[in-house]
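So this one's run22.txt, compact mmCIF, C-alpha atoms:
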```txt
# COMPACT_ATOMS: atom_id res chain seq x y z
CA MET A 1 -85.53 20.57 -53.53
CA SER A 2 -84.18 17.57 -55.40
CA SER A 3 -80.52 16.68 -55.43
CA ASN A 4 -80.21 17.56 -59.14
CA SER A 5 -81.61 21.04 -58.56
CA HIS A 6 -79.22 21.57 -55.63
CA GLY A 7 -76.21 20.60 -57.77
CA ARG A 8 -77.18 23.03 -60.51
CA VAL A 9 -77.35 25.94 -58.00
CA VAL A 10 -73.84 25.16 -56.59
CA TYR A 11 -72.39 24.85 -60.11
CA ARG A 12 -73.81 28.27 -61.14
CA ALA A 13 -72.40 29.91 -57.96
CA THR A 14 -68.96 28.46 -58.56
CA ARG A 15 -68.92 29.73 -62.14
CA THR A 16 -69.95 33.20 -60.97
CA ILE A 17 -67.05 33.39 -58.43
CA ALA A 18 -64.51 32.14 -60.98
CA SER A 19 -65.63 34.73 -63.52
CA PHE A 20 -65.25 37.49 -60.93
CA LEU A 21 -61.72 36.43 -60.06
CA LEU A 22 -60.76 36.34 -63.74
CA LEU A 23 -62.04 39.89 -64.23
CA VAL A 24 -60.03 41.16 -61.19
CA GLY A 25 -56.84 39.47 -62.44
CA ALA A 26 -57.23 40.93 -65.89
CA ALA A 27 -57.68 44.42 -64.48
CA ALA A 28 -54.55 44.07 -62.37
CA PHE A 29 -52.57 42.81 -65.35
CA ALA A 30 -53.77 45.70 -67.48
CA SER A 31 -52.76 48.15 -64.77
CA CYS A 32 -49.26 46.70 -64.55
CA SER A 33 -48.90 46.71 -68.32
CA ASN A 34 -49.77 50.40 -68.55
CA SER A 35 -47.23 51.49 -65.79
CA LYS A 36 -43.64 52.50 -66.80
CA PRO A 37 -40.77 50.04 -65.99
CA GLY A 38 -38.65 51.03 -62.94
CA ALA A 39 -41.23 53.45 -61.55
CA ALA A 40 -41.05 51.90 -58.07
CA VAL A 41 -37.28 51.98 -58.13
CA SER A 42 -37.29 55.61 -59.27
CA ALA A 43 -39.61 56.56 -56.43
CA ALA A 44 -37.32 54.92 -53.93
CA ALA A 45 -34.27 56.55 -55.48
CA SER A 46 -35.89 59.98 -55.44
CA ALA A 47 -36.17 59.89 -51.62
CA LEU A 48 -33.35 61.97 -50.00
CA VAL A 49 -31.31 60.13 -47.38
CA PRO A 50 -30.01 62.38 -44.59
CA VAL A 51 -26.25 62.09 -44.01
CA ALA A 52 -23.41 63.94 -42.31
CA ALA A 53 -20.47 64.87 -44.50
CA ALA A 54 -17.01 66.45 -44.45
CA THR A 55 -14.60 67.87 -47.00
CA VAL A 56 -11.39 66.09 -47.96
CA VAL A 57 -8.49 68.39 -47.03
CA SER A 58 -4.77 68.61 -47.64
CA LYS A 59 -2.73 69.54 -44.58
CA PRO A 60 0.46 68.68 -42.70
CA ALA A 61 0.09 65.32 -40.99
CA PRO A 62 2.51 63.91 -38.41
CA ILE A 63 3.97 60.44 -38.85
CA GLN A 64 3.53 58.79 -35.49
CA VAL A 65 3.97 55.51 -33.68
CA ARG A 66 1.25 54.78 -31.14
CA ALA A 67 1.41 52.35 -28.24
CA ILE A 68 0.14 51.66 -24.75
CA GLY A 69 2.62 52.35 -21.98
CA GLN A 70 2.89 52.14 -18.22
CA VAL A 71 4.09 54.89 -15.93
CA GLU A 72 7.07 54.18 -13.67
CA ALA A 73 8.51 56.24 -10.85
CA TYR A 74 11.75 58.01 -11.80
CA SER A 75 13.23 56.48 -8.66
CA SER A 76 11.75 54.55 -5.77
CA VAL A 77 13.28 54.25 -2.28
CA GLN A 78 12.24 51.97 0.56
CA ILE A 79 12.89 53.76 3.83
CA LYS A 80 14.18 51.36 6.53
CA ALA A 81 15.56 51.84 10.01
CA HIS A 82 19.30 51.12 10.39
CA VAL A 83 19.03 50.87 14.18
CA ALA A 84 16.54 49.19 16.47
CA GLY A 85 14.47 51.28 18.82
CA GLN A 86 11.17 52.97 19.55
CA VAL A 87 9.69 55.41 17.03
CA PHE A 88 9.64 58.78 18.75
CA LYS A 89 8.11 60.85 15.96
CA VAL A 90 6.54 60.55 12.51
CA ASN A 91 6.96 63.90 10.80
CA PHE A 92 4.79 63.52 7.68
CA GLN A 93 1.39 62.38 6.45
CA GLU A 94 0.69 59.52 4.08
CA GLY A 95 0.73 60.67 0.46
CA GLN A 96 2.64 63.86 1.30
CA ASP A 97 5.21 65.37 -1.04
CA VAL A 98 8.60 65.62 0.64
CA LYS A 99 11.91 67.22 -0.29
CA LYS A 100 15.35 65.69 -0.03
CA GLY A 101 16.57 66.15 3.56
CA ASP A 102 13.12 66.51 5.15
CA LEU A 103 12.74 64.76 8.51
CA LEU A 104 10.60 61.62 8.22
CA PHE A 105 11.10 59.61 11.44
CA ALA A 106 12.82 60.05 14.79
CA ILE A 107 13.86 56.95 16.80
CA ASP A 108 14.54 57.15 20.57
CA PRO A 109 18.16 58.39 20.73
CA ARG A 110 18.78 57.95 24.49
CA PRO A 111 20.40 54.48 24.37
CA PHE A 112 22.84 55.72 21.72
CA GLU A 113 23.55 58.94 23.61
CA ASP A 114 24.38 56.87 26.71
CA ALA A 115 26.72 54.69 24.66
CA ILE A 116 28.50 57.81 23.41
CA LYS A 117 28.93 59.09 26.98
CA GLN A 118 30.38 55.73 28.05
CA ILE A 119 32.87 55.73 25.20
CA GLN A 120 33.86 59.33 25.95
CA ALA A 121 34.51 58.29 29.56
CA ASN A 122 36.71 55.45 28.33
CA ILE A 123 38.63 57.87 26.15
CA ALA A 124 39.19 60.18 29.12
CA ARG A 125 40.42 57.24 31.22
CA ASP A 126 42.79 55.96 28.56
CA THR A 127 44.07 59.48 27.93
CA ALA A 128 44.88 59.81 31.63
CA LEU A 129 46.65 56.45 31.58
CA LYS A 130 48.69 57.56 28.61
CA LYS A 131 49.73 60.76 30.34
CA GLN A 132 50.62 58.79 33.45
CA ALA A 133 52.70 56.39 31.37
CA GLU A 134 54.45 59.30 29.70
CA ALA A 135 55.29 60.82 33.15
CA THR A 136 56.59 57.45 34.36
CA ILE A 137 58.74 57.19 31.25
CA ALA A 138 60.31 60.57 31.98
CA LYS A 139 61.09 59.60 35.57
CA ASP A 140 62.40 56.15 34.75
CA LEU A 141 64.41 57.49 31.83
CA ALA A 142 66.14 59.97 34.15
CA GLN A 143 66.95 57.20 36.59
CA ALA A 144 68.22 54.99 33.79
CA ASN A 145 70.46 57.74 32.48
CA TYR A 146 71.87 58.32 36.02
CA ALA A 147 72.46 54.58 36.45
CA GLU A 148 74.33 54.44 33.14
CA VAL A 149 76.54 57.34 34.16
CA GLU A 150 77.31 55.70 37.52
CA ALA A 151 78.07 52.39 35.85
CA ALA A 152 80.46 54.12 33.44
CA ARG A 153 82.21 55.93 36.29
CA TYR A 154 82.62 52.74 38.37
CA LYS A 155 83.99 50.94 35.34
CA LYS A 156 86.92 53.39 35.24
CA LEU A 157 87.42 53.10 39.00
CA VAL A 158 87.53 49.31 38.69
CA GLU A 159 90.19 49.64 36.03
CA ASP A 160 92.17 51.96 38.39
CA GLY A 161 91.70 49.47 41.30
CA VAL A 162 89.85 51.97 43.49
CA VAL A 163 86.60 49.95 43.83
CA SER A 164 85.83 46.31 43.62
CA ARG A 165 84.43 44.70 40.47
CA GLU A 166 81.44 43.51 42.49
CA GLN A 167 80.32 47.10 43.08
CA TYR A 168 80.71 47.85 39.39
CA GLU A 169 78.67 44.83 38.33
CA GLN A 170 75.91 45.82 40.73
CA LEU A 171 75.70 49.34 39.27
CA ARG A 172 75.77 47.98 35.69
CA ALA A 173 72.86 45.61 36.47
CA ASN A 174 70.91 48.47 38.02
CA SER A 175 71.46 50.52 34.85
CA GLN A 176 70.11 47.72 32.65
CA THR A 177 67.09 47.31 34.94
CA GLN A 178 66.31 50.99 34.69
CA ARG A 179 66.53 50.84 30.89
CA ALA A 180 64.14 47.85 30.81
CA THR A 181 61.75 49.77 33.03
CA VAL A 182 61.79 52.65 30.56
CA GLU A 183 60.94 50.27 27.70
CA ALA A 184 58.06 48.81 29.74
CA ASP A 185 56.77 52.33 30.42
CA ARG A 186 56.89 53.09 26.70
CA ALA A 187 54.92 49.92 25.94
CA THR A 188 52.31 50.96 28.49
CA ALA A 189 52.05 54.39 26.86
CA ALA A 190 51.74 52.81 23.41
CA SER A 191 49.00 50.50 24.68
CA ALA A 192 47.12 53.48 26.09
CA GLU A 193 47.48 55.23 22.72
CA GLN A 194 45.95 52.21 20.93
CA GLU A 195 43.10 52.12 23.43
CA ILE A 196 42.42 55.77 22.73
CA LYS A 197 42.34 55.10 18.96
CA ALA A 198 39.95 52.19 19.50
CA ASP A 199 37.76 54.35 21.71
CA ASN A 200 37.69 57.08 19.05
CA ALA A 201 36.63 54.53 16.43
CA SER A 202 33.89 53.30 18.76
CA LEU A 203 32.86 56.90 19.33
CA GLU A 204 32.51 57.51 15.57
CA SER A 205 30.45 54.34 15.22
CA ALA A 206 28.23 55.34 18.13
CA ARG A 207 27.74 58.79 16.65
CA LEU A 208 26.81 57.17 13.32
CA GLN A 209 24.28 54.96 15.10
CA LEU A 210 22.90 58.04 16.81
CA SER A 211 22.56 59.80 13.43
CA TYR A 212 20.48 56.83 12.21
CA CYS A 213 17.91 57.75 14.85
CA THR A 214 16.99 60.67 12.59
CA ILE A 215 15.64 59.38 9.24
CA ARG A 216 15.45 61.96 6.46
CA ALA A 217 14.15 61.80 2.89
CA PRO A 218 16.96 60.77 0.49
CA ILE A 219 15.12 62.11 -2.59
CA ASP A 220 12.33 64.46 -3.61
CA GLY A 221 9.15 62.48 -3.99
CA ARG A 222 5.77 61.42 -2.65
CA THR A 223 5.31 59.16 0.34
CA GLY A 224 3.16 56.05 0.22
CA SER A 225 1.37 54.10 2.93
CA LEU A 226 2.77 54.61 6.44
CA LEU A 227 3.59 51.25 8.02
CA VAL A 228 4.66 52.40 11.51
CA HIS A 229 3.38 54.94 14.02
CA ASN A 230 4.55 56.74 17.14
CA GLY A 231 5.53 54.26 19.86
CA ASP A 232 6.15 51.29 17.56
CA ILE A 233 9.35 49.29 18.03
CA VAL A 234 11.34 48.85 14.83
CA LYS A 235 14.20 46.49 14.01
CA ALA A 236 17.38 47.34 12.18
CA ASP A 237 17.17 46.77 8.40
CA ASP A 238 13.79 45.05 8.71
CA ALA A 239 10.59 45.89 6.81
CA ALA A 240 10.25 49.23 5.03
CA LEU A 241 8.70 52.01 7.10
CA VAL A 242 7.46 53.86 4.00
CA VAL A 243 8.18 53.98 0.27
CA ILE A 244 8.99 57.25 -1.52
CA ASN A 245 8.39 57.48 -5.26
CA GLN A 246 9.89 60.28 -7.30
CA ILE A 247 7.14 61.31 -9.72
CA ALA A 248 8.49 64.58 -11.08
CA PRO A 249 10.23 63.81 -13.36
CA ILE A 250 8.75 60.43 -14.22
CA PHE A 251 9.22 57.60 -16.75
CA VAL A 252 6.81 55.91 -19.17
CA THR A 253 7.83 52.54 -20.61
CA PHE A 254 6.17 51.12 -23.72
CA SER A 255 6.79 48.56 -26.45
CA VAL A 256 6.66 49.06 -30.22
CA PRO A 257 6.89 46.55 -33.08
CA GLU A 258 10.45 45.79 -34.09
CA LYS A 259 9.71 46.86 -37.69
CA THR A 260 9.35 50.46 -36.47
CA LEU A 261 12.73 50.46 -34.72
CA PRO A 262 14.86 51.54 -37.72
CA ASP A 263 12.67 54.61 -38.33
CA ILE A 264 12.60 55.52 -34.66
CA ARG A 265 16.37 55.24 -34.36
CA ARG A 266 16.95 57.19 -37.56
CA TYR A 267 14.72 60.13 -36.60
CA ASN A 268 15.94 60.06 -32.99
CA SER A 269 19.55 60.39 -34.20
CA GLU A 270 18.60 63.66 -35.88
CA LYS A 271 16.91 65.08 -32.79
CA LYS A 272 15.41 63.71 -29.61
CA LEU A 273 11.91 62.51 -30.51
CA ALA A 274 8.89 64.09 -28.84
CA VAL A 275 6.57 61.75 -26.95
CA GLU A 276 3.06 62.45 -25.64
CA ALA A 277 1.34 60.44 -22.95
CA SER A 278 -2.27 60.74 -21.84
CA ALA A 279 -4.64 58.76 -19.68
CA GLN A 280 -6.48 56.05 -21.57
CA GLY A 281 -9.90 57.21 -22.76
CA ALA A 282 -9.02 60.91 -22.51
CA ALA A 283 -10.85 63.12 -25.01
CA GLU A 284 -8.95 63.69 -28.23
CA ASP A 285 -9.37 67.47 -28.14
CA SER A 286 -8.39 67.73 -24.48
CA SER A 287 -4.76 68.62 -25.08
CA THR A 288 -4.34 69.70 -21.46
CA ASP A 289 -4.74 66.06 -20.40
CA SER A 290 -1.56 64.98 -22.19
CA GLU A 291 1.96 65.24 -20.89
CA LYS A 292 4.85 66.03 -23.24
CA GLY A 293 8.24 64.40 -22.91
CA SER A 294 11.09 62.95 -24.94
CA LEU A 295 12.45 59.53 -25.83
CA SER A 296 15.32 58.58 -23.52
CA PHE A 297 15.96 54.82 -23.67
CA PHE A 298 16.09 51.87 -26.09
CA ASP A 299 16.25 48.36 -24.67
CA ASN A 300 19.24 46.34 -25.84
CA THR A 301 17.23 43.41 -27.18
CA VAL A 302 13.99 42.60 -28.99
CA ASP A 303 11.51 40.37 -27.17
CA ASN A 304 11.40 37.20 -29.28
CA ALA A 305 8.05 36.18 -27.84
CA THR A 306 6.21 39.35 -28.89
CA GLY A 307 8.42 40.81 -31.63
CA THR A 308 8.53 44.15 -29.82
CA ILE A 309 11.21 46.29 -28.24
CA ARG A 310 10.85 48.25 -25.03
CA LEU A 311 11.37 52.01 -25.05
CA LYS A 312 11.28 54.59 -22.31
CA ALA A 313 10.46 58.30 -22.30
CA ASP A 314 10.89 60.80 -19.50
CA PHE A 315 8.44 63.58 -18.58
CA ASP A 316 8.68 66.59 -16.29
CA ASN A 317 5.19 65.77 -14.95
CA GLY A 318 4.94 69.13 -13.24
CA GLU A 319 1.13 68.93 -13.15
CA ARG A 320 1.17 65.35 -11.76
CA ARG A 321 -0.96 64.06 -14.64
CA LEU A 322 1.01 60.81 -14.73
CA TRP A 323 1.03 58.41 -11.80
CA PRO A 324 3.22 55.33 -11.17
CA GLY A 325 1.52 52.14 -12.34
CA GLN A 326 -0.95 53.98 -14.59
CA PHE A 327 -1.56 52.75 -18.15
CA VAL A 328 -1.42 55.54 -20.73
CA ASP A 329 -1.74 56.11 -24.47
CA VAL A 330 1.67 56.95 -25.92
CA VAL A 331 2.33 58.78 -29.21
CA VAL A 332 5.87 59.08 -30.60
CA THR A 333 6.06 61.72 -33.36
CA LEU A 334 8.74 60.81 -35.91
CA THR A 335 8.27 63.56 -38.51
CA SER A 336 5.52 65.37 -40.44
CA GLU A 337 4.18 64.96 -43.98
CA PRO A 338 3.64 68.53 -45.32
CA ALA A 339 0.64 67.93 -47.65
CA ALA A 340 -1.26 64.79 -46.77
CA VAL A 341 -4.79 64.02 -48.01
CA VAL A 342 -6.89 63.67 -44.87
CA VAL A 343 -10.49 62.57 -44.23
CA PRO A 344 -12.34 61.92 -40.96
CA SER A 345 -11.82 58.31 -39.94
CA ALA A 346 -15.60 57.95 -39.60
CA ALA A 347 -15.86 58.26 -43.40
CA VAL A 348 -13.76 55.15 -44.04
CA GLN A 349 -15.75 51.94 -44.33
CA THR A 350 -14.45 48.39 -44.59
CA GLY A 351 -15.89 45.88 -47.03
CA GLN A 352 -14.98 42.56 -48.61
CA ASN A 353 -12.72 44.29 -51.13
CA GLY A 354 -11.03 46.60 -48.64
CA SER A 355 -11.59 50.19 -47.52
CA TYR A 356 -13.93 52.59 -49.27
CA VAL A 357 -15.76 55.89 -48.82
CA PHE A 358 -19.03 57.38 -50.13
CA VAL A 359 -18.22 60.46 -52.21
CA ILE A 360 -21.05 62.99 -52.73
CA ASN A 361 -21.30 64.18 -56.33
CA PRO A 362 -22.48 67.67 -57.33
CA ASP A 363 -25.95 66.26 -58.15
CA SER A 364 -26.29 65.04 -54.53
CA THR A 365 -25.85 61.39 -55.47
CA VAL A 366 -23.19 59.24 -53.86
CA GLU A 367 -20.69 56.86 -55.37
CA VAL A 368 -18.60 54.19 -53.72
CA ARG A 369 -14.88 55.03 -54.01
CA PRO A 370 -12.19 52.50 -52.99
CA VAL A 371 -9.40 54.15 -50.97
CA ALA A 372 -5.99 53.16 -49.61
CA VAL A 373 -5.56 54.27 -45.99
CA SER A 374 -1.97 55.12 -45.07
CA ARG A 375 -2.36 55.65 -41.31
CA GLU A 376 -4.60 57.03 -38.61
CA LEU A 377 -4.29 60.44 -36.97
CA GLY A 378 -5.69 61.37 -33.59
CA GLY A 379 -8.19 59.37 -31.59
CA SER A 380 -7.27 56.98 -28.80
CA VAL A 381 -4.82 54.14 -29.21
CA GLY A 382 -6.73 51.00 -30.08
CA GLU A 383 -9.92 52.98 -30.81
CA SER A 384 -12.81 50.63 -31.54
CA GLU A 385 -14.82 50.87 -34.72
CA GLY A 386 -18.12 52.68 -34.74
CA LYS A 387 -21.43 51.25 -35.86
CA SER A 388 -20.96 52.57 -39.34
CA GLY A 389 -17.80 50.52 -39.79
CA GLY A 390 -15.41 53.48 -39.67
CA LYS A 391 -13.16 54.61 -36.86
CA SER A 392 -14.82 56.75 -34.23
CA GLY A 393 -12.73 59.87 -33.70
CA GLY A 394 -9.53 60.98 -35.37
CA GLU A 395 -8.59 61.32 -39.00
CA SER A 396 -7.16 59.05 -41.70
CA VAL A 397 -4.44 59.81 -44.20
CA ILE A 398 -5.45 58.59 -47.68
CA GLU A 399 -2.79 57.50 -50.19
CA ASN A 400 -5.19 57.40 -53.16
CA GLY A 401 -8.90 57.28 -53.99
CA VAL A 402 -10.04 60.81 -53.15
CA ARG A 403 -8.82 64.36 -53.83
CA PRO A 404 -8.78 67.48 -51.66
CA GLY A 405 -12.04 69.42 -52.02
CA GLU A 406 -14.28 66.38 -52.51
CA THR A 407 -17.04 65.68 -49.99
CA VAL A 408 -17.35 62.35 -48.22
CA VAL A 409 -20.09 60.91 -46.02
CA THR A 410 -19.14 60.58 -42.35
CA ASP A 411 -22.43 59.28 -40.94
CA GLY A 412 -25.51 57.50 -42.31
CA GLN A 413 -23.67 55.07 -44.61
CA LEU A 414 -25.91 52.12 -43.67
CA ARG A 415 -28.73 53.38 -45.98
CA LEU A 416 -26.50 54.20 -48.96
CA VAL A 417 -25.70 52.49 -52.24
CA SER A 418 -24.17 53.96 -55.37
CA GLY A 419 -26.61 56.43 -56.92
CA THR A 420 -28.52 57.20 -53.73
CA ARG A 421 -29.50 60.85 -53.45
CA VAL A 422 -28.57 62.39 -50.12
CA GLU A 423 -29.24 65.47 -48.06
CA VAL A 424 -26.34 66.75 -45.96
CA ARG A 425 -27.30 67.66 -42.43
CA ASP A 426 -25.28 68.75 -39.41
CA SER A 427 -26.59 65.83 -37.35
CA ILE A 428 -28.65 62.72 -38.00
CA LYS A 429 -31.41 61.43 -35.75
CA LYS A 430 -30.59 57.77 -34.99
CA GLU A 431 -33.40 55.34 -35.78
CA GLU A 432 -34.35 52.77 -33.20
CA PRO A 433 -33.52 49.14 -34.08
CA GLY A 434 -36.23 47.49 -36.17
CA LYS A 435 -37.69 50.76 -37.50
```
I need this file expressed as structure tokens, please.
Amino acid sequence: MSSNSHGRVVYRATRTIASFLLLVGAAAFASCSNSKPGAAVSAAASALVPVAAATVVSKPAPIQVRAIGQVEAYSSVQIKAHVAGQVFKVNFQEGQDVKKGDLLFAIDPRPFEDAIKQIQANIARDTALKKQAEATIAKDLAQANYAEVEAARYKKLVEDGVVSREQYEQLRANSQTQRATVEADRATAASAEQEIKADNASLESARLQLSYCTIRAPIDGRTGSLLVHNGDIVKADDAALVVINQIAPIFVTFSVPEKTLPDIRRYNSEKKLAVEASAQGAAEDSSTDSEKGSLSFFDNTVDNATGTIRLKADFDNGERRLWPGQFVDVVVTLTSEPAAVVVPSAAVQTGQNGSYVFVINPDSTVEVRPVAVSRELGGSVGESEGKSGGKSGGESVIENGVRPGETVVTDGQLRLVSGTRVEVRDSIKKEEPGK
């Protein structure tokens, strides 16, 4: 075939393909022209989106201040030995509850008992010396009195010239000597009396030291780790043998923003405010996990670094739910609002313009409704936001935006826009990512 003939064949084939494409395009254009505007959108809108929903209610709602606190022992005592010696007995187990007066430790008492016996012997000796001095005083006093009488008699005889003055002077000197002897005897007796008093003081001290050999619990509480055992040698006032923490009752300390202080003080002046404490992460509906107490202490200054003030509440803690050192969620109830508008916190979404909810209309379509959230009820302190953007758990008090009786979406908001038709279900099957 010649080149001209080959060119004519290619040209005819190209024209045939172009004509076919033009016919297909025209048919497609005609089809689009005949369809109604918005048909695709209407089909999408007619699909029902499954959601979970709840009714807006009006009910009493407490006004609360929520914080994170730490549990502290009501009192804590370090048990130390006041005397040195060998531990004879340990009368408790680690972690055991003890009562005030219970025996904890016994230290070898024999050295202190021997010291008491020695002091008692000294007292007996000094008492005997005192009695001996008192007997000597009586004897010497009698002799002194006789010498004085003789000296007085010889003085008269000297004056009458019956005896010589030398004899009189000798009797007078003897009388003075006897009187000096009596005074010396009295000094000896007084010294023995002082020795007895000193011995009695030493005896009381020795008995006190002996009492320190028996170590008893000074408070009701729970023992911690045992640091000594039978046979160990302990020193006086050295390291603690064990620590006892009083945990029933017990304290919880927590800090609140200083802006809440006026309200807390005002309501607490009317009546002692109720405080609840529960372990962090405890289920909201597990009321048995919370411990109820009352506010008992305000710190005397605000922390300038954090802008908070430290408070303290005390709890009976009869069930031992609270433990020293534990971090807990704390709720201080100030008062109660009698008719608050409440929705589940999961219904509240957060957008660029603030909080909003999806309200379900009677025709099963939804509309976006801006709302003003007053405060949160229930749920854990510092609860993180769920995937839908609302709070997981708890309820929210709404100042305005919805009315009691209206229905709001609590799950499935990701697929909604204003006008979307929905189907309310008890639960929604979560789609896997990317589907």
Can you pull out every residue within 7 Å of A:Pro249, counting all atoms listed in the file, but drop anything in the same chain fewer than 5 positions away, and send it as an MDAnalysis selection string?
chainID A and resid 74 314:317
Taking only C-alpha atoms into account, which of A:Ala135, A:Ala201, A:Val252, A:Ala121 comes nearest A:Ile68?
A:Val252
Near stretch 329-343 of chain A, within 9 Å and counting all atoms listed in the file, which residues show up once chain neighbours fewer than 5 positions away are dropped, as a PDB file with C-alpha atoms, in the frame of the given file?
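Resulting contents of result27.pdb:
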```pdb
ATOM      1  CA  ALA A  54     -17.010  66.450 -44.450  1.00  0.00           C
ATOM      2  CA  THR A  55     -14.600  67.870 -47.000  1.00  0.00           C
ATOM      3  CA  VAL A  56     -11.390  66.090 -47.960  1.00  0.00           C
ATOM      4  CA  VAL A  57      -8.490  68.390 -47.030  1.00  0.00           C
ATOM      5  CA  SER A  58      -4.770  68.610 -47.640  1.00  0.00           C
ATOM      6  CA  LYS A  59      -2.730  69.540 -44.580  1.00  0.00           C
ATOM      7  CA  PRO A  60       0.460  68.680 -42.700  1.00  0.00           C
ATOM      8  CA  ALA A  61       0.090  65.320 -40.990  1.00  0.00           C
ATOM      9  CA  PRO A  62       2.510  63.910 -38.410  1.00  0.00           C
ATOM     10  CA  ILE A  63       3.970  60.440 -38.850  1.00  0.00           C
ATOM     11  CA  GLN A  64       3.530  58.790 -35.490  1.00  0.00           C
ATOM     12  CA  VAL A  65       3.970  55.510 -33.680  1.00  0.00           C
ATOM     13  CA  ARG A  66       1.250  54.780 -31.140  1.00  0.00           C
ATOM     14  CA  ALA A  67       1.410  52.350 -28.240  1.00  0.00           C
ATOM     15  CA  ILE A  68       0.140  51.660 -24.750  1.00  0.00           C
ATOM     16  CA  GLY A  69       2.620  52.350 -21.980  1.00  0.00           C
ATOM     17  CA  GLN A  70       2.890  52.140 -18.220  1.00  0.00           C
ATOM     18  CA  VAL A 252       6.810  55.910 -19.170  1.00  0.00           C
ATOM     19  CA  PHE A 254       6.170  51.120 -23.720  1.00  0.00           C
ATOM     20  CA  ASP A 263      12.670  54.610 -38.330  1.00  0.00           C
ATOM     21  CA  ILE A 264      12.600  55.520 -34.660  1.00  0.00           C
ATOM     22  CA  TYR A 267      14.720  60.130 -36.600  1.00  0.00           C
ATOM     23  CA  ASN A 268      15.940  60.060 -32.990  1.00  0.00           C
ATOM     24  CA  LEU A 273      11.910  62.510 -30.510  1.00  0.00           C
ATOM     25  CA  ALA A 274       8.890  64.090 -28.840  1.00  0.00           C
ATOM     26  CA  VAL A 275       6.570  61.750 -26.950  1.00  0.00           C
ATOM     27  CA  GLU A 276       3.060  62.450 -25.640  1.00  0.00           C
ATOM     28  CA  ALA A 277       1.340  60.440 -22.950  1.00  0.00           C
ATOM     29  CA  SER A 278      -2.270  60.740 -21.840  1.00  0.00           C
ATOM     30  CA  ALA A 279      -4.640  58.760 -19.680  1.00  0.00           C
ATOM     31  CA  GLN A 280      -6.480  56.050 -21.570  1.00  0.00           C
ATOM     32  CA  GLY A 281      -9.900  57.210 -22.760  1.00  0.00           C
ATOM     33  CA  ALA A 282      -9.020  60.910 -22.510  1.00  0.00           C
ATOM     34  CA  SER A 294      11.090  62.950 -24.940  1.00  0.00           C
ATOM     35  CA  LEU A 295      12.450  59.530 -25.830  1.00  0.00           C
ATOM     36  CA  VAL A 348     -13.760  55.150 -44.040  1.00  0.00           C
ATOM     37  CA  LEU A 377      -4.290  60.440 -36.970  1.00  0.00           C
ATOM     38  CA  SER A 380      -7.270  56.980 -28.800  1.00  0.00           C
ATOM     39  CA  VAL A 381      -4.820  54.140 -29.210  1.00  0.00           C
ATOM     40  CA  GLU A 395      -8.590  61.320 -39.000  1.00  0.00           C
ATOM     41  CA  SER A 396      -7.160  59.050 -41.700  1.00  0.00           C
ATOM     42  CA  VAL A 397      -4.440  59.810 -44.200  1.00  0.00           C
ATOM     43  CA  ILE A 398      -5.450  58.590 -47.680  1.00  0.00           C
ATOM     44  CA  GLU A 399      -2.790  57.500 -50.190  1.00  0.00           C
ATOM     45  CA  ASN A 400      -5.190  57.400 -53.160  1.00  0.00           C
ATOM     46  CA  VAL A 402     -10.040  60.810 -53.150  1.00  0.00           C
ATOM     47  CA  ARG A 403      -8.820  64.360 -53.830  1.00  0.00           C
ATOM     48  CA  PRO A 404      -8.780  67.480 -51.660  1.00  0.00           C
ATOM     49  CA  VAL A 408     -17.350  62.350 -48.220  1.00  0.00           C
TER      50      VAL A 408
END
```
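Using all atoms listed in the file, the shortest contact distance between A:Gln178 and any of A:Leu226, A:Ala152, A:Val357, A:Ile137 is found at A:Ile137.
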Exercise: A:Ala133 partners within 12 Å, all atoms listed in the file, chain neighbours under 5 positions left out, as a count of residues only
20
Neighbours of A:Thr308 within 12 Å (only C-alpha atoms; same-chain residues fewer than 5 positions away dropped), as a ChimeraX atom specification?
/A:67,254-261,298-303
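The space between atom CA of A:Asp411 and atom CA of A:Ser290 spans 28.6 Å.
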Best match for closeness to A:Gly231 among A:Ala106, A:Leu48, A:Ala206, A:Ala115, counting all atoms listed in the file:
A:Ala106
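A straight line drawn from atom CA of A:Lys235 to atom CA of A:Ala84 is 4.3 Å long.
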Compare A:Lys131, A:Arg165, A:Arg369, A:Arg172 by their minimum atom-to-atom distance to A:Val149, counting only C-alpha atoms, and give me the closest one.
A:Arg172
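Our summary of the geometry notes that atom CA of A:Ala173 is positioned 28.8 Å from atom CA of A:Leu129.
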Give me the residues near A:Lys100 as a compact mmCIF listing (two decimals) with C-alpha atoms, in the frame of the given file, where near means some atom within 7 Å (using all atoms listed in the file) and where sequence neighbours in that chain fewer than 4 positions away do not count.
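Final output, saved to out.txt:
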```txt
# COMPACT_ATOMS: atom_id res chain seq x y z
CA ALA A 217 14.15 61.80 2.89
CA PRO A 218 16.96 60.77 0.49
CA ILE A 219 15.12 62.11 -2.59
CA ASP A 220 12.33 64.46 -3.61
```
